[in-house]
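Chemist: There's a structure below that I have some questions on.
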Amino acid sequence: MDFTAKEDGLINTMERAARLQEIDRVIEKGIFRATWESLSRFRTPDWYQDAKFGIFIHWGVYSVPAFRNEWYPRNMYIRDSDEYKHHIETYGPHKQFGYKDFIPMFKAERFDPAAWAALFEEAGAKYVIPVAEHHDGFQMYKSEISHWNAAEMGPCRDTTAELKEALNRRGIPMGVSSHRIEHWFFLGHGKEFDSDICDPIDRDDLYWPSMPEPKDHFNRDAECPPSEEFMEDWLLRCCELVDRFHPAVFYFDWWILQNVMKPYIKKFAAYYYNRSLEWGVQPAINYKQDTFMLGTAVPDMERGHFAATQPFFWQTDTAIARNSWCYTEQNDFKKPEDLVRTLVDVVSKNGTLLLNVGPKADGTIGPEDTAVLKAIGAWLKRNGEAIYGTRPWRVFGEGPTNVEEGQFAESKEKQYTAQDIRFTVKGGCLYAIVMAWPEDGEVTIRSLSLPAFIGGIDKAEALGYDGKVKWHRDEGGLHISAPHIHGDMPVAFRIQMT
């Protein structure tokens, strides 16, 4: 039973029960069972390890107010917050204009999935993950579980399906992202004053359930944990996404770490992996905060890095904007050269970079995001050989600049120097990527000094630049002289081994 869209409306209670039974049946007959032991048979797909660079997309109803960030739906209901004050000043009292009232304003009238796919390809992305449902509970795809979706309201288009079709034409795998679990509490503050969110709230309402927000988001035993009904609804929505889109990657945000969710995330993983085997898809799940057992899915580090090479494949997700994942009028955009350095550092440590873009409510990707993506794509066109399909070397790099480990650590700016070099390997070549090119064009790679490294070197070449590179090696390292090279971007060298 595929959970494809029905023509006659939403599934009823009996159909929900039947679909939950179908999930159990798929697991029972499949290779993967809902246990860590069974799920440990998961293997990270080669295509994913080779891809190295993907695009994340935060786009939804929250793109209409375009104020502060994508948490506007929550924060507009927190009294005395900037969002609360902005909302009243701009749209009026919450009782008269609530979050729902933004939906008709979310028209996506200029959304062109073919143009998005072309831009992502030009950026050098090898996979794309749109947010299918964010914390606000509005689905960006046609659903049988809720009418609160982009195919029936707002744009009245199945934007996720349209994007997948456009990506398929270019051979770019698409994943999906679900942040549904956080909807349990995301709009709960609206019940604390006279707003448009008040009990009783029916399950078919966008605002359901709007429960109290936990004091500690990372406490695995929240004071008000999600109910069985909500977790079953979560499971049905996730499996609907699997059956509708056959996603190459399924991304989860952090709050699935709740202990009561453990049986449900195991069940989902078994269902997703078994279904993918049926379809010939090589899948992966992204998770945070040790929610999955290591080896059963791919860990994700939000806005942060590992300090050194990991023995397992991992992902960092970050955004082009420092302050927000969605489009806002206040976005503070990063420089493309800094994002390329992030990409290089992550790849050298056995990771992949998922870089977020936030389209406007009308469906266009702004000029700042576009310029950054094109600049990254231009660098990858010249230097992609040192990124795509590579694996870590025996050390990830050298130099004085230390990357602080942990999520949300990227807020501390890193000032890379010409001594900071990152390594990757592929075939018979070692790639040395100089993070900040010196004005005099003279670089020393100390990790290749004699006798510390006794492997033979046949040739050293700069990727993407004309002109020969002079080099020699001694006890101090491999010395490269390339005064003809200039620019702000990292410079990659192909070092051919004998």
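Chain labels A, B, ... are given in the sequence in which chains occur in the structure tokens; within each chain residues are numbered consecutively from 1, and ligands are likewise numbered from 1 in the order shown.
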Write out, as a tab-separated table, each residue of stretch 448-473 of chain A that has an atom at most 9 Å from stretch 375-382 of chain A, together with the closest pair of atoms and their distance in Å to one decimal, counting only C-alpha atoms, rows going by chain and rising number.
Modeler:
residue	atom	partner	partner_atom	distance
A:Leu463	CA	A:Arg382	CA	6.3
A:Gly464	CA	A:Arg382	CA	4.7
A:Tyr465	CA	A:Arg382	CA	8.3
Chemist: Got time to write the residues from that selection, C-alpha atoms, as a PDB file, in the first residue's frame?
Modeler:
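Output saved as result.pdb:
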ATOM      1  CA  LEU A 463      43.714  23.198 -10.383  1.00  0.00           C
ATOM      2  CA  GLY A 464      41.966  25.786 -12.496  1.00  0.00           C
ATOM      3  CA  TYR A 465      44.996  27.940 -13.250  1.00  0.00           C
TER       4      TYR A 465
END
Chemist: Just the residues within 7 Å of stretch 411-424 of chain A, please, counting only C-alpha atoms, with nothing from its chain fewer than 4 positions along; format it as a list in words.
Modeler: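 Listed by chain and then number, they are Val344, Asp345, Ser348, Ala386, Thr390, Arg391, Pro392, Trp393, Phe396, Gly397, Glu398, Gly399, Pro400, Thr401, Leu430, Tyr431, Ala432, Ile433, Val434, Met435, Ala436, Trp437, Pro438 and Val443 of chain A.
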Chemist: Selection from above, C-alpha atoms, as a PDB file, in the first residue's frame, can you write it?
Modeler:
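As a result, part_13.pdb now contains:
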ATOM      1  CA  VAL A 344      36.822  22.124   2.182  1.00  0.00           C
ATOM      2  CA  ASP A 345      37.277  21.696   5.937  1.00  0.00           C
ATOM      3  CA  SER A 348      38.733  16.835   4.564  1.00  0.00           C
ATOM      4  CA  ALA A 386      39.635  17.829  -5.188  1.00  0.00           C
ATOM      5  CA  THR A 390      37.367  12.041  -2.538  1.00  0.00           C
ATOM      6  CA  ARG A 391      38.160  10.456   0.800  1.00  0.00           C
ATOM      7  CA  PRO A 392      40.163  11.681   3.807  1.00  0.00           C
ATOM      8  CA  TRP A 393      43.956  11.422   3.878  1.00  0.00           C
ATOM      9  CA  PHE A 396      42.882  16.185   7.544  1.00  0.00           C
ATOM     10  CA  GLY A 397      45.212  19.147   7.383  1.00  0.00           C
ATOM     11  CA  GLU A 398      47.801  21.378   8.943  1.00  0.00           C
ATOM     12  CA  GLY A 399      48.165  24.971  10.097  1.00  0.00           C
ATOM     13  CA  PRO A 400      47.530  27.176  13.119  1.00  0.00           C
ATOM     14  CA  THR A 401      43.774  27.697  12.806  1.00  0.00           C
ATOM     15  CA  LEU A 430      46.680  13.767  -3.030  1.00  0.00           C
ATOM     16  CA  TYR A 431      44.917  17.124  -3.061  1.00  0.00           C
ATOM     17  CA  ALA A 432      46.259  19.924  -0.904  1.00  0.00           C
ATOM     18  CA  ILE A 433      43.909  22.903  -0.596  1.00  0.00           C
ATOM     19  CA  VAL A 434      45.430  26.132   0.684  1.00  0.00           C
ATOM     20  CA  MET A 435      42.700  27.911   2.638  1.00  0.00           C
ATOM     21  CA  ALA A 436      44.012  31.480   2.227  1.00  0.00           C
ATOM     22  CA  TRP A 437      46.339  32.197  -0.668  1.00  0.00           C
ATOM     23  CA  PRO A 438      49.429  34.297   0.189  1.00  0.00           C
ATOM     24  CA  VAL A 443      53.441  27.862   0.148  1.00  0.00           C
TER      25      VAL A 443
END
Chemist: Would you mind listing what lies within 12 Å of A:Cys224 as a ChimeraX atom specification, with only C-alpha atoms counted and same-chain residues fewer than 3 positions away left out?
Modeler: /A:184-185,188,209-217,219-221,227,258,260
Chemist: Selected residues, C-alpha atoms, written as a PDB file, in the first residue's frame, please.
Modeler:
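Just written: selection.pdb:
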ATOM      1  CA  TRP A 184       3.967  19.426  19.348  1.00  0.00           C
ATOM      2  CA  PHE A 185       4.909  22.600  21.238  1.00  0.00           C
ATOM      3  CA  GLY A 188       1.711  26.485  22.354  1.00  0.00           C
ATOM      4  CA  PRO A 209      -1.922  20.279  19.435  1.00  0.00           C
ATOM      5  CA  SER A 210      -0.123  23.512  20.601  1.00  0.00           C
ATOM      6  CA  MET A 211       1.130  22.020  23.861  1.00  0.00           C
ATOM      7  CA  PRO A 212       3.383  23.714  26.450  1.00  0.00           C
ATOM      8  CA  GLU A 213       6.965  24.217  25.293  1.00  0.00           C
ATOM      9  CA  PRO A 214       9.615  22.270  27.264  1.00  0.00           C
ATOM     10  CA  LYS A 215      12.023  24.383  29.288  1.00  0.00           C
ATOM     11  CA  ASP A 216      14.986  22.372  27.971  1.00  0.00           C
ATOM     12  CA  HIS A 217      14.816  21.374  24.308  1.00  0.00           C
ATOM     13  CA  ASN A 219      16.051  17.021  27.754  1.00  0.00           C
ATOM     14  CA  ARG A 220      15.160  13.553  26.512  1.00  0.00           C
ATOM     15  CA  ASP A 221      12.320  13.361  29.026  1.00  0.00           C
ATOM     16  CA  SER A 227       1.263  11.820  23.038  1.00  0.00           C
ATOM     17  CA  GLN A 258      12.697  12.297  23.046  1.00  0.00           C
ATOM     18  CA  VAL A 260       9.213   8.213  24.038  1.00  0.00           C
TER      19      VAL A 260
END
Chemist: So which bits of stretch 315-496 of chain A end up strand (DSSP E) when you DSSP the backbone, as a PyMOL selection string?
Modeler: chain A and resi 315-319+351-357+397-398+421-426+429-434+442-445+457-462+470-474+477-481+491-496
Chemist: Hey, what's within 12 Å of A:Lys262 if we count only C-alpha atoms and toss same-chain stuff fewer than 4 positions away? As a short mmCIF file (atom, residue, chain, number, x, y, z; two decimals) with C-alpha atoms, in the first residue's frame, please?
Modeler:
data_model
loop_
_atom_site.label_atom_id
_atom_site.label_comp_id
_atom_site.auth_asym_id
_atom_site.auth_seq_id
_atom_site.Cartn_x
_atom_site.Cartn_y
_atom_site.Cartn_z
CA ALA A 34 12.80 -1.90 14.22
CA THR A 35 15.84 -2.66 16.39
CA TRP A 36 19.27 -1.08 16.59
CA ARG A 220 15.16 13.55 26.51
CA ASP A 221 12.32 13.36 29.03
CA PRO A 226 4.34 14.00 22.79
CA MET A 231 3.61 10.26 17.50
CA LEU A 235 4.96 8.33 11.78
CA TRP A 255 13.50 16.91 18.95
CA ILE A 256 13.09 13.31 17.82
CA LEU A 257 15.63 12.72 20.62
CA GLN A 258 12.70 12.30 23.05
CA LYS A 266 13.25 2.79 14.82
CA LYS A 267 10.01 1.81 13.13
CA PHE A 268 10.34 4.66 10.64
CA ALA A 269 13.95 3.78 9.82
CA ASP A 290 22.96 10.94 19.18
CA THR A 291 19.28 10.22 18.55
CA PHE A 292 20.15 7.20 16.39
CA MET A 293 22.67 4.53 17.28
#
Chemist: Measuring between only C-alpha atoms, which one of A:Tyr77, A:Tyr327, A:Phe306, A:Phe230 shows the shortest distance to A:Gln407?
Modeler: A:Phe306
Chemist: Can you list every residue of stretch 41-77 of chain A that has an atom at most 12 Å from stretch 319-324 of chain A, with its nearest atom pair and the distance in Å to one decimal, using only C-alpha atoms, ordered by chain then number, as JSON lines?
Modeler:
{"residue": "A:Gly54", "atom": "CA", "partner": "A:Ala319", "partner_atom": "CA", "distance": 11.4}
{"residue": "A:Ile55", "atom": "CA", "partner": "A:Ala319", "partner_atom": "CA", "distance": 9.4}
{"residue": "A:Phe56", "atom": "CA", "partner": "A:Ala319", "partner_atom": "CA", "distance": 8.1}
{"residue": "A:Ile57", "atom": "CA", "partner": "A:Ala319", "partner_atom": "CA", "distance": 9.2}
{"residue": "A:His58", "atom": "CA", "partner": "A:Ser324", "partner_atom": "CA", "distance": 9.5}
{"residue": "A:Trp59", "atom": "CA", "partner": "A:Ser324", "partner_atom": "CA", "distance": 11.6}
{"residue": "A:Tyr62", "atom": "CA", "partner": "A:Ser324", "partner_atom": "CA", "distance": 11.4}
{"residue": "A:Ser63", "atom": "CA", "partner": "A:Ser324", "partner_atom": "CA", "distance": 10.9}
{"residue": "A:Ala66", "atom": "CA", "partner": "A:Ser324", "partner_atom": "CA", "distance": 9.8}
{"residue": "A:Phe67", "atom": "CA", "partner": "A:Ser324", "partner_atom": "CA", "distance": 9.4}
{"residue": "A:Arg68", "atom": "CA", "partner": "A:Ser324", "partner_atom": "CA", "distance": 6.9}
{"residue": "A:Asn69", "atom": "CA", "partner": "A:Ser324", "partner_atom": "CA", "distance": 4.7}
{"residue": "A:Glu70", "atom": "CA", "partner": "A:Ser324", "partner_atom": "CA", "distance": 6.8}
{"residue": "A:Trp71", "atom": "CA", "partner": "A:Ser324", "partner_atom": "CA", "distance": 8.9}
{"residue": "A:Tyr72", "atom": "CA", "partner": "A:Ser324", "partner_atom": "CA", "distance": 10.6}
Chemist: Quick one, how far is atom CA of A:Phe193 from atom CA of A:His86?
Modeler: 16.7 Å
Chemist: Contacts of A:Phe42 at 8 Å or less, counting only C-alpha atoms, minus same-chain residues fewer than 5 places along, as a PyMOL selection string?
Modeler: chain A and resi 295-297
Chemist: Contacts of A:Ile129 at 12 Å or less, counting only C-alpha atoms, minus same-chain residues fewer than 6 places along, as a ChimeraX atom specification?
Modeler: /A:53-59,117,120,160,163-164,167,172-178,245,247-252,285-286,317,353-357
Chemist: Just the selected residues (C-alpha atoms), exported as a PDB file, in the first residue's frame, please.
Modeler:
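The result, written out as again00.pdb:
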ATOM      1  CA  PHE A  53      27.792  19.215  -1.359  1.00  0.00           C
ATOM      2  CA  GLY A  54      24.025  19.567  -1.163  1.00  0.00           C
ATOM      3  CA  ILE A  55      21.381  22.280  -0.984  1.00  0.00           C
ATOM      4  CA  PHE A  56      18.922  22.652   1.904  1.00  0.00           C
ATOM      5  CA  ILE A  57      15.755  24.748   1.361  1.00  0.00           C
ATOM      6  CA  HIS A  58      13.729  26.499   4.073  1.00  0.00           C
ATOM      7  CA  TRP A  59      10.638  27.874   2.357  1.00  0.00           C
ATOM      8  CA  ALA A 117      17.172  23.081 -10.332  1.00  0.00           C
ATOM      9  CA  PHE A 120      21.505  24.296  -7.852  1.00  0.00           C
ATOM     10  CA  THR A 160       7.835  19.540  -3.495  1.00  0.00           C
ATOM     11  CA  LEU A 163      10.858  20.418  -7.578  1.00  0.00           C
ATOM     12  CA  LYS A 164      11.528  16.682  -7.579  1.00  0.00           C
ATOM     13  CA  LEU A 167      15.688  17.777 -10.256  1.00  0.00           C
ATOM     14  CA  ILE A 172      20.089  15.378  -9.009  1.00  0.00           C
ATOM     15  CA  PRO A 173      18.854  13.203  -6.112  1.00  0.00           C
ATOM     16  CA  MET A 174      16.249  14.792  -3.844  1.00  0.00           C
ATOM     17  CA  GLY A 175      15.701  14.136  -0.178  1.00  0.00           C
ATOM     18  CA  VAL A 176      13.099  15.565   2.178  1.00  0.00           C
ATOM     19  CA  SER A 177      13.225  17.132   5.621  1.00  0.00           C
ATOM     20  CA  SER A 178      10.604  16.738   8.353  1.00  0.00           C
ATOM     21  CA  PHE A 245       8.887  10.955  -2.999  1.00  0.00           C
ATOM     22  CA  PRO A 247      13.696  10.356  -0.962  1.00  0.00           C
ATOM     23  CA  ALA A 248      17.421   9.795  -1.325  1.00  0.00           C
ATOM     24  CA  VAL A 249      17.956  11.326   2.140  1.00  0.00           C
ATOM     25  CA  PHE A 250      15.500  11.859   4.987  1.00  0.00           C
ATOM     26  CA  TYR A 251      16.548  14.679   7.319  1.00  0.00           C
ATOM     27  CA  PHE A 252      15.255  15.071  10.894  1.00  0.00           C
ATOM     28  CA  ILE A 285      18.704   9.311   7.397  1.00  0.00           C
ATOM     29  CA  ASN A 286      20.164  12.462   8.961  1.00  0.00           C
ATOM     30  CA  ASP A 317      24.159  21.801   7.731  1.00  0.00           C
ATOM     31  CA  LEU A 353      28.108  20.144   3.479  1.00  0.00           C
ATOM     32  CA  LEU A 354      24.367  20.788   3.247  1.00  0.00           C
ATOM     33  CA  LEU A 355      24.044  24.509   2.510  1.00  0.00           C
ATOM     34  CA  ASN A 356      20.703  26.207   3.043  1.00  0.00           C
ATOM     35  CA  VAL A 357      19.040  28.789   0.836  1.00  0.00           C
TER      36      VAL A 357
END
Chemist: Choose the residue, out of A:Gly124, A:Asp474, A:Tyr272, A:Ile78, that has the smallest atom-to-atom separation from A:Phe32; count only C-alpha atoms.
Modeler: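 Closest candidate: A:Tyr272.
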Chemist: For the atom pair atom CA of A:Ala18 and atom CA of A:Pro200, what is the interatomic distance in Å to one decimal place?
Modeler: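 Atom CA of A:Pro200 lies 26.8 Å from atom CA of A:Ala18.
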Chemist: Give one line per residue of stretch 177-279 of chain A that approaches stretch 138-145 of chain A to at most 10 Å, naming the two atoms of the closest pair and their distance in Å to one decimal, counting only C-alpha atoms; sort by chain then ascending residue number and deliver it as JSON lines.
Modeler:
{"residue": "A:Ser178", "atom": "CA", "partner": "A:Gln139", "partner_atom": "CA", "distance": 9.3}
{"residue": "A:Arg180", "atom": "CA", "partner": "A:Phe138", "partner_atom": "CA", "distance": 9.1}
{"residue": "A:His183", "atom": "CA", "partner": "A:Phe138", "partner_atom": "CA", "distance": 9.8}
{"residue": "A:Asp204", "atom": "CA", "partner": "A:Ile145", "partner_atom": "CA", "distance": 8.3}
{"residue": "A:Leu206", "atom": "CA", "partner": "A:Phe138", "partner_atom": "CA", "distance": 7.1}
{"residue": "A:Tyr207", "atom": "CA", "partner": "A:Phe138", "partner_atom": "CA", "distance": 9.7}
{"residue": "A:Asp233", "atom": "CA", "partner": "A:Ile145", "partner_atom": "CA", "distance": 8.3}
{"residue": "A:Leu236", "atom": "CA", "partner": "A:Ile145", "partner_atom": "CA", "distance": 8.0}
{"residue": "A:Arg237", "atom": "CA", "partner": "A:Ile145", "partner_atom": "CA", "distance": 7.0}
{"residue": "A:Glu240", "atom": "CA", "partner": "A:Ser143", "partner_atom": "CA", "distance": 7.7}
{"residue": "A:Leu241", "atom": "CA", "partner": "A:Ser143", "partner_atom": "CA", "distance": 8.7}
{"residue": "A:Arg244", "atom": "CA", "partner": "A:Lys142", "partner_atom": "CA", "distance": 9.1}
{"residue": "A:Phe245", "atom": "CA", "partner": "A:Tyr141", "partner_atom": "CA", "distance": 9.9}
Chemist: Which of these, A:Arg25, A:Lys191, A:Glu162, A:Phe106, has the shortest distance to A:Arg79 once you count only C-alpha atoms?
Modeler: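 With only C-alpha atoms as the atom set, the closest residue is A:Lys191.
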Chemist: Between atom CA of A:Ile88 and atom CA of A:Val131, measure the distance and give it in Å to one decimal.
Modeler: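 Separation between atom CA of A:Ile88 and atom CA of A:Val131: 28.0 Å.
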Chemist: Extract the full set of alpha helix (DSSP H) residues from stretch 98-318 of chain A according to DSSP on the backbone, and format it as number ranges by chain.
Modeler: A: 113-122, 159-169, 183-186, 228-245, 262-279
Chemist: Taking into account only C-alpha atoms, which residue in the set A:Asn75, A:Ala270, A:Ala150, A:Asp205 is nearest to A:Ser38?
Modeler: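 Nearest candidate to A:Ser38 out of A:Asn75, A:Ala270, A:Ala150, A:Asp205: A:Ala270.
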Chemist: Using only C-alpha atoms, which residue out of A:Glu385, A:Glu302, A:Asp458, A:Asp369 lies closest to A:Ala123?
Modeler: A:Asp369
